[in-house]
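So the structure is just underneath, and the comments pick up after that.
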Amino acid sequence: MSTPSVLFVCLGNICRSPLAEGALRAVAARAGVTILIDSAGTGNWHVGDAPDPRAQAVAARHGVDISALRARQVRAEDFHRFDHIVAMDRDNLAELRRLAPADAPARLSLMLDHVPGRKGKSVADPYFGDASGFGATWEEVLAGAEGLLDRITQPRR
Ligand code: 4NP
């Protein structure tokens with residue numbers, strides 16, 4: 001079987017999806033599972049930027065270094081390159097459905113679809129709030145990453 005692959009998507013690719021990328025990298029490494037992981041934004045305002053300093057700080061507090069990540073925008077080929085494209089919220093999921101080529105094999109989902117009891121819910125955007133919001137974001141993306149790892153390693157469950 002080829003290496004499973006996951007693309008996380010939010011609006012700016014500087015807050016939620018880089019944290020999701022960091023969280024899945026951490027839980028996959030701990031489990032000894034190889035997954036190709038990336039993140040992107042539906043918007044283009046922050047292309048080339050490092051993650052928001054508040055996102056970098058909360059990841060670092062949990063032992064995860066996301067400082068080298070750089071924002072990019074979703075592109076059509078992503079729908080062919082990734083098995084799973086996981087949106088942080090419903091608006092971005094709707095935008096992904098609009099962008100997806102008709103024959104694209106990628107499976108689209110919401111991050112919290114992978115968390116028991118949270119199906120259909122959005123990871124709130126912490127960008128316009130204060131630093132404490134990023135702690136909640138980390139907890140949500142970590143739970144999503146753990147659920148996603150289970151789904152990838154035990155696809156029949
Ligand atoms: P993200 O947060 O989608 O989690 O990266 C945002 C970052 C930037 C903006 C909005 C949300 N913005 O409007 O620039």
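We label chains A, B, ... in the order they appear in the structure tokens, count residues from 1 in each chain, and number ligands from 1 in the order shown.
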For ligand 1, return the neighbouring residues as number ranges by chain (distance at most 12 Å; only C-alpha atoms and all ligand atoms). A: 8-21, 39-47, 49-56, 70-73, 87-92, 122-129, 133-134, 137-138, 141
Neighbour list for Ala106 of chain A as a PyMOL selection string, cut-off 10 Å, only C-alpha atoms, skip fewer than 2 positions in-chain: chain A and resi 5-7+78-86+100-101+103-104+108-109
Looking at A:Gly48, A:Gly63, A:Pro116, A:Pro155, which one is nearest to Glu140 of chain A, with distances taken over only C-alpha atoms?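 Counting only C-alpha atoms, the residue closest to Glu140 of chain A is A:Pro116.
If you look at atom CA of Lys121 of chain A and atom CA of Ala145 of chain A, they are 14.9 Å away from each other.
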Leaving out Asp65 of chain A and any residue of its chain fewer than 6 positions from it, which residues lie within 10 Å of it when counting only C-alpha atoms, given as a VMD selection string? chain A and resid 19 22 to 23 26 56 to 59
Can you spit out the residues from that selection as a short mmCIF file (atom, residue, chain, number, x, y, z; two decimals), in the first residue's frame, using N, CA and C atoms?
```
data_model
loop_
_atom_site.label_atom_id
_atom_site.label_comp_id
_atom_site.auth_asym_id
_atom_site.auth_seq_id
_atom_site.Cartn_x
_atom_site.Cartn_y
_atom_site.Cartn_z
N LEU A 19 -1.30 24.04 12.82
CA LEU A 19 -1.37 23.33 14.11
C LEU A 19 -1.83 21.90 13.89
N GLY A 22 1.09 19.99 12.57
CA GLY A 22 2.03 19.68 13.66
C GLY A 22 1.52 18.58 14.56
N ALA A 23 0.20 18.62 14.86
CA ALA A 23 -0.38 17.62 15.76
C ALA A 23 -0.34 16.23 15.13
N ALA A 26 3.12 14.82 15.07
CA ALA A 26 3.54 14.37 16.40
C ALA A 26 2.91 13.02 16.75
N GLN A 56 2.67 29.17 16.76
CA GLN A 56 4.00 28.60 17.01
C GLN A 56 4.21 28.38 18.51
N ALA A 57 3.73 29.34 19.32
CA ALA A 57 3.96 29.25 20.77
C ALA A 57 3.19 28.10 21.39
N VAL A 58 1.93 27.91 20.99
CA VAL A 58 1.15 26.84 21.61
C VAL A 58 1.68 25.47 21.18
N ALA A 59 2.11 25.37 19.92
CA ALA A 59 2.71 24.10 19.47
C ALA A 59 3.99 23.83 20.26
#
```
List the neighbours of Thr3 of chain A out to 8 Å using only C-alpha atoms; skip same-chain residues closer than 4 positions along the sequence, and give me the result as a PyMOL selection string. chain A and resi 34-36
Residues of the last selection are to be written out with all heavy atoms, as a compact mmCIF listing (two decimals), in the first residue's frame.
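In the end it all went to part_29.txt:
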```txt
# COMPACT_ATOMS: atom_id res chain seq x y z
N THR A 34 4.04 6.17 9.19
CA THR A 34 4.49 7.14 8.18
C THR A 34 3.29 7.66 7.40
O THR A 34 2.54 6.89 6.81
CB THR A 34 5.47 6.46 7.20
OG1 THR A 34 6.58 5.97 7.95
CG2 THR A 34 5.97 7.45 6.16
N ILE A 35 3.10 8.97 7.45
CA ILE A 35 2.01 9.63 6.71
C ILE A 35 2.61 10.85 6.03
O ILE A 35 3.40 11.58 6.63
CB ILE A 35 0.87 10.08 7.64
CG1 ILE A 35 0.34 8.91 8.48
CG2 ILE A 35 -0.27 10.72 6.84
CD1 ILE A 35 -0.70 9.32 9.53
N LEU A 36 2.24 11.07 4.78
CA LEU A 36 2.62 12.31 4.09
C LEU A 36 1.63 13.39 4.53
O LEU A 36 0.42 13.23 4.33
CB LEU A 36 2.56 12.08 2.59
CG LEU A 36 2.99 13.25 1.72
CD1 LEU A 36 4.50 13.36 1.73
CD2 LEU A 36 2.49 13.07 0.30
```
Atom CA of Leu99 of chain A and atom CA of Arg75 of chain A, how far apart in Å?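 Atom CA of Arg75 of chain A sits 8.4 Å away from atom CA of Leu99 of chain A.
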